[in-house]
Amino acid sequence: MTSRAESAAATRRALLEAAAELLDSGGLDAVTLRAVGARAGVTRGAPYRHFPDKESLLIAVGTRAWDTLGDRMQTLRATPGLSAAEKLRGGLLALVDVGRRQPHLYKLMFSNPPGDPSALARAAQRSQTEFLAVVAELVGEQDARRYAALLISSANGIAGLQASGQLADPKWGGVSAEELTDTLVDMVAVRNRHT
């Protein structure tokens with residue numbers, strides 16, 4: 001028999017999954033507590049027992065996305081046999097992939113909700129700490145923060161160009177997000193070898 005706590009946790013997971021699906025398919029406007037409850041197949045009041053408002057629900061969705069990215073970074077760091085450059089490439093592509101496959105979620109992850117402007121920045125901490133550790137493996141502790149900020153902002157630009165369709169413009173020569181990411185990692189790795 002399922003306990004009350006297990007049932008509540010399952011309902012919360014279903015609500016978060018439903019909210020993420022609605023976000024993916026229709027953006028922020030598609031996510032309402034009523035629509036999320038209907039999509040999750042729960043009673044009308046259930047979403048309100050877990051989330052006081054839409055913003056709280058969206059913060060939870062964004063937090064879950066950052067947690068997933070943090071798990072991915074942690075797995076990359078712990079994978080034996082991968083070079084620091086390969087780990088870095090994997091981490092950057094994981095971030096770009098969210099932007100490519102789930103542009104509304106990606107935008108949410110980097111937003112500042114009005115009721116708690118630092119909520120998603122706090123949620124990003126573990127993922128960013130894991131990323132910093134990977135960058136430090138390649139460039140050393142002293143330069144890790146500078147290079148990590150450069151790499152994340154560059155990945156953000158790659159994701160934005162891809163999501164908007166502008167990366168496909170012939171003026172860029174048919175370059176892919178993966179090729180741009182490889183170029184970034186190579187530039188950092190080469191620079192590090194020359195210092």
# chains A, B, ... in the order shown; residues from 1 in each chain; ligands from 1

call {"tool": "residues_around", "arguments": {"residues": "segment 49-66 of chain A", "least_positions_apart": "6", "cutoff": "7 Å", "atoms": "only C-alpha atoms", "output": "JSON, numbers by chain"}}
result
{"A": [12, 16, 20, 32, 33, 105, 108, 109, 113, 119, 120, 123, 124, 127]}

call {"tool": "closest_residue", "arguments": {"among": "A:Gln102, A:Thr11, A:Asn192, A:Thr183", "to": "Gly26 of chain A", "atoms": "only C-alpha atoms"}}
result
A:Gln102

call {"tool": "select_by_dssp", "arguments": {"residues": "chain A", "states": "alpha helix (DSSP H)", "output": "ChimeraX atom specification"}}
result
/A:4-26,33-40,46-50,54-78,84-101,103-109,119-123,125-139,141-164,177-194

call {"tool": "atom_distance", "arguments": {"atom1": "atom CA of Phe131 of chain A", "atom2": "atom CA of Glu86 of chain A"}}
result
12.4 Å
